[in-house]
Amino acid sequence: MQARSSGARIVVSIAVVVGASKGMALDTAAQPVSHGSQVIQGSQPPRRCGDWLSFQILLDQQGFSPGEIDGRAGNNTKHALSALQRSRDLRPTGEPDCETWRALGGESSPPLLTTYTITPEDLKGPFEPQIPRDLLAQAKLPTLDYQSPLERLAERFHASPALLQQLNRGTATVAGQSIRVPSISPFDADMKAFNRMADDVTLFVSREESAVRVTSADGKLILFAPATTGSDHDPLPSGKWEVTGIEWHPAFHYNPDLFWDAKPTDTKATIKPGPNNPVGVVWIGLNLEHYGIHGTPEPSRIGRMESHGCVRLTNWDAARLASMVRAGTLVVFR
């Protein structure tokens, strides 16, 4: 699957975030930003073999998700590189070498950063600056929305808040302000439907690889995304299952009887929808009781934390996956 930006200027705006737990000022000073050995800016010089940020953006554009784009050499990015290399008949080293750079089209790609202008809607909210970790406390909140405009904007461009801050150092977030962002198709948590990308696909979820793969009927890999796939207490149950349905913006129904680490005093509770809901923006149900594939409020921890059995993706990857499946789609856990 490809999600390549058209290269057109994206219009949006950003405002000052005061006191929000994940919100900080941004900076759009017209300075090149160095990542590793490469300088990335609006008008780029010829690139030689890229850097981690460049590879992450190109991978995301071409359906090999590195998870949260942060410019770092993390395991999720290396797994995505390995998957891309295998799909292009290259040695799967997981390293950003020149041969892989050429296979991704890095030498001739448009600029990998683009401009986004903050809109009043980006700043409007509602925001929930303080979201407690305790699920019963979360159930008392009116919404599990973003904690700040910065968090909303970072998720829209599949990026870490820290990366956006680094790219836009010192600039206040106000409507009409232009910022630099990764050049990818923006994710919108308010979208409840996407164009169907495929009609006959198979999902493979691998605990060893900590990833979800989607293949077309002819066996072609069309999406690779990092995932959290259960834990020692709730291991991924090997077998073949089917998608039963898709629910956008789901509420989360907490049942302490299903959580090995629940407190003895915990009771059942319903947590309101929102991107910071425990299951994120979408739930893909399976014909396996209590199991599903869903988003997350913590994209930076995908592949680095355990779940209570379900398959967890970043919100944007869960949304991409939901656009590819339908009731009856085969899901293989292994």
# chains A, B, ... in the order shown; residues from 1 in each chain; ligands from 1

$ residues_around --residues "Phe252 in chain A" --least-positions-apart "6" --cutoff "8 Å" --atoms "only C-alpha atoms" --output "ChimeraX atom specification"
/A:270-273,277-279

$ residues_around --residues "range 79-95 of chain A" --least-positions-apart "2" --cutoff "7 Å" --atoms "only C-alpha atoms" --output "number ranges by chain"
A: 64-66, 75-77, 97, 100, 224

$ write_last_selection --atoms "N, CA and C atoms" --output "PDB file, in the first residue's frame"
ATOM      1  N   PHE A  64       5.382   0.477   4.619  1.00  0.00           N
ATOM      2  CA  PHE A  64       6.216  -0.268   5.567  1.00  0.00           C
ATOM      3  C   PHE A  64       6.396   0.620   6.793  1.00  0.00           C
ATOM      4  N   SER A  65       5.470   0.526   7.708  1.00  0.00           N
ATOM      5  CA  SER A  65       5.415   1.483   8.812  1.00  0.00           C
ATOM      6  C   SER A  65       6.562   1.287   9.792  1.00  0.00           C
ATOM      7  N   PRO A  66       7.265   2.371  10.129  1.00  0.00           N
ATOM      8  CA  PRO A  66       8.264   2.314  11.200  1.00  0.00           C
ATOM      9  C   PRO A  66       7.634   2.596  12.557  1.00  0.00           C
ATOM     10  N   ASN A  75      13.983  -0.502  16.937  1.00  0.00           N
ATOM     11  CA  ASN A  75      13.677  -1.830  16.416  1.00  0.00           C
ATOM     12  C   ASN A  75      12.544  -1.802  15.405  1.00  0.00           C
ATOM     13  N   ASN A  76      11.527  -0.972  15.640  1.00  0.00           N
ATOM     14  CA  ASN A  76      10.410  -0.935  14.701  1.00  0.00           C
ATOM     15  C   ASN A  76      10.871  -0.507  13.311  1.00  0.00           C
ATOM     16  N   THR A  77      11.743   0.482  13.254  1.00  0.00           N
ATOM     17  CA  THR A  77      12.258   0.940  11.965  1.00  0.00           C
ATOM     18  C   THR A  77      13.116  -0.136  11.312  1.00  0.00           C
ATOM     19  N   ASP A  97      21.163   1.068   4.209  1.00  0.00           N
ATOM     20  CA  ASP A  97      22.289   1.159   3.279  1.00  0.00           C
ATOM     21  C   ASP A  97      21.873   1.825   1.973  1.00  0.00           C
ATOM     22  N   THR A 100      19.311  -0.024  -0.332  1.00  0.00           N
ATOM     23  CA  THR A 100      17.934   0.109   0.125  1.00  0.00           C
ATOM     24  C   THR A 100      17.421   1.514  -0.145  1.00  0.00           C
ATOM     25  N   PHE A 224       2.945  -3.437   6.118  1.00  0.00           N
ATOM     26  CA  PHE A 224       3.718  -3.988   7.226  1.00  0.00           C
ATOM     27  C   PHE A 224       3.681  -2.962   8.341  1.00  0.00           C
TER      28      PHE A 224
END

$ residues_around --residues "Asp218 in chain A" --least-positions-apart "2" --cutoff "12 Å" --atoms "only C-alpha atoms" --output "PyMOL selection string"
chain A and resi 198+200-202+214-216+220-222

$ write_last_selection --atoms "C-alpha atoms" --output "mmCIF file, in the first residue's frame"
data_model
loop_
_atom_site.group_PDB
_atom_site.id
_atom_site.type_symbol
_atom_site.label_atom_id
_atom_site.label_comp_id
_atom_site.auth_asym_id
_atom_site.auth_seq_id
_atom_site.Cartn_x
_atom_site.Cartn_y
_atom_site.Cartn_z
ATOM 1 C CA ALA A 198 -8.201 -4.151 -1.144
ATOM 2 C CA ASP A 200 -9.209 -9.997 -0.834
ATOM 3 C CA VAL A 201 -6.400 -9.783 1.689
ATOM 4 C CA THR A 202 -4.980 -11.913 4.486
ATOM 5 C CA VAL A 214 -1.225 -7.715 5.034
ATOM 6 C CA THR A 215 -0.901 -9.644 1.778
ATOM 7 C CA SER A 216 -3.039 -9.456 -1.347
ATOM 8 C CA LYS A 220 2.148 -9.444 -2.421
ATOM 9 C CA LEU A 221 2.933 -7.636 0.821
ATOM 10 C CA ILE A 222 0.853 -4.436 0.857
#

$ closest_residue --among "A:Cys98, A:Tyr254, A:Phe55, A:Arg169" --to "Lys78 in chain A" --atoms "only C-alpha atoms"
A:Phe55

$ closest_residue --among "A:Gly274, A:Glu247, A:Ala225, A:Glu209" --to "Leu141 in chain A" --atoms "only C-alpha atoms"
A:Gly274

$ select_by_dssp --residues "range 61-246 of chain A" --states "alpha helix (DSSP H)" --output "PyMOL selection string"
chain A and resi 61+75-87+98-103+120-124+135-138+149-156+161-167

$ closest_residue --among "A:Gly245, A:Gln130, A:Val331, A:Gly280" --to "Leu203 in chain A" --atoms "only C-alpha atoms"
A:Val331

$ atom_distance --atom1 "CA of Glu151 in chain A" --atom2 "CA of Phe127 in chain A"
9.9 Å

$ residues_around --residues "Thr244 in chain A" --least-positions-apart "6" --cutoff "8 Å" --atoms "only C-alpha atoms" --output "list in words"
Ile284, Gly285, Leu286, Asn287, Arg326, Ala327 and Gly328 of chain A

$ write_last_selection --atoms "C-alpha atoms" --output "PDB file, in the first residue's frame"
ATOM      1  CA  ILE A 284     -11.299  -4.646  14.450  1.00  0.00           C
ATOM      2  CA  GLY A 285     -13.275  -7.499  15.980  1.00  0.00           C
ATOM      3  CA  LEU A 286     -12.399 -11.183  15.559  1.00  0.00           C
ATOM      4  CA  ASN A 287     -14.309 -14.423  16.009  1.00  0.00           C
ATOM      5  CA  ARG A 326     -13.981  -6.480   6.020  1.00  0.00           C
ATOM      6  CA  ALA A 327     -16.072  -9.083   7.793  1.00  0.00           C
ATOM      7  CA  GLY A 328     -14.713 -12.491   6.818  1.00  0.00           C
TER       8      GLY A 328
END

$ closest_residue --among "A:Thr117, A:Thr296, A:Thr265, A:Ser238" --to "Val332 in chain A" --atoms "only C-alpha atoms"
A:Ser238

$ closest_residue --among "A:Pro182, A:Pro132, A:Gly74, A:Gly67" --to "Pro110 in chain A" --atoms "only C-alpha atoms"
A:Pro182

$ select_by_dssp --residues "range 115-302 of chain A" --states "strand (DSSP E or B)" --output "PyMOL selection string"
chain A and resi 115-117+159+178-182+184+201-206+211-216+221-226+228-230+235+239-248+252-254+269-271+282-286+292-294

$ residues_around --residues "Ile179 in chain A" --least-positions-apart "6" --cutoff "7 Å" --atoms "only C-alpha atoms" --output "NGL selection string"
:A and (28 or 115-117 or 168)

$ closest_residue --among "A:Glu68, A:Pro129, A:Leu167, A:Ile184" --to "Gly303 in chain A" --atoms "only C-alpha atoms"
A:Glu68
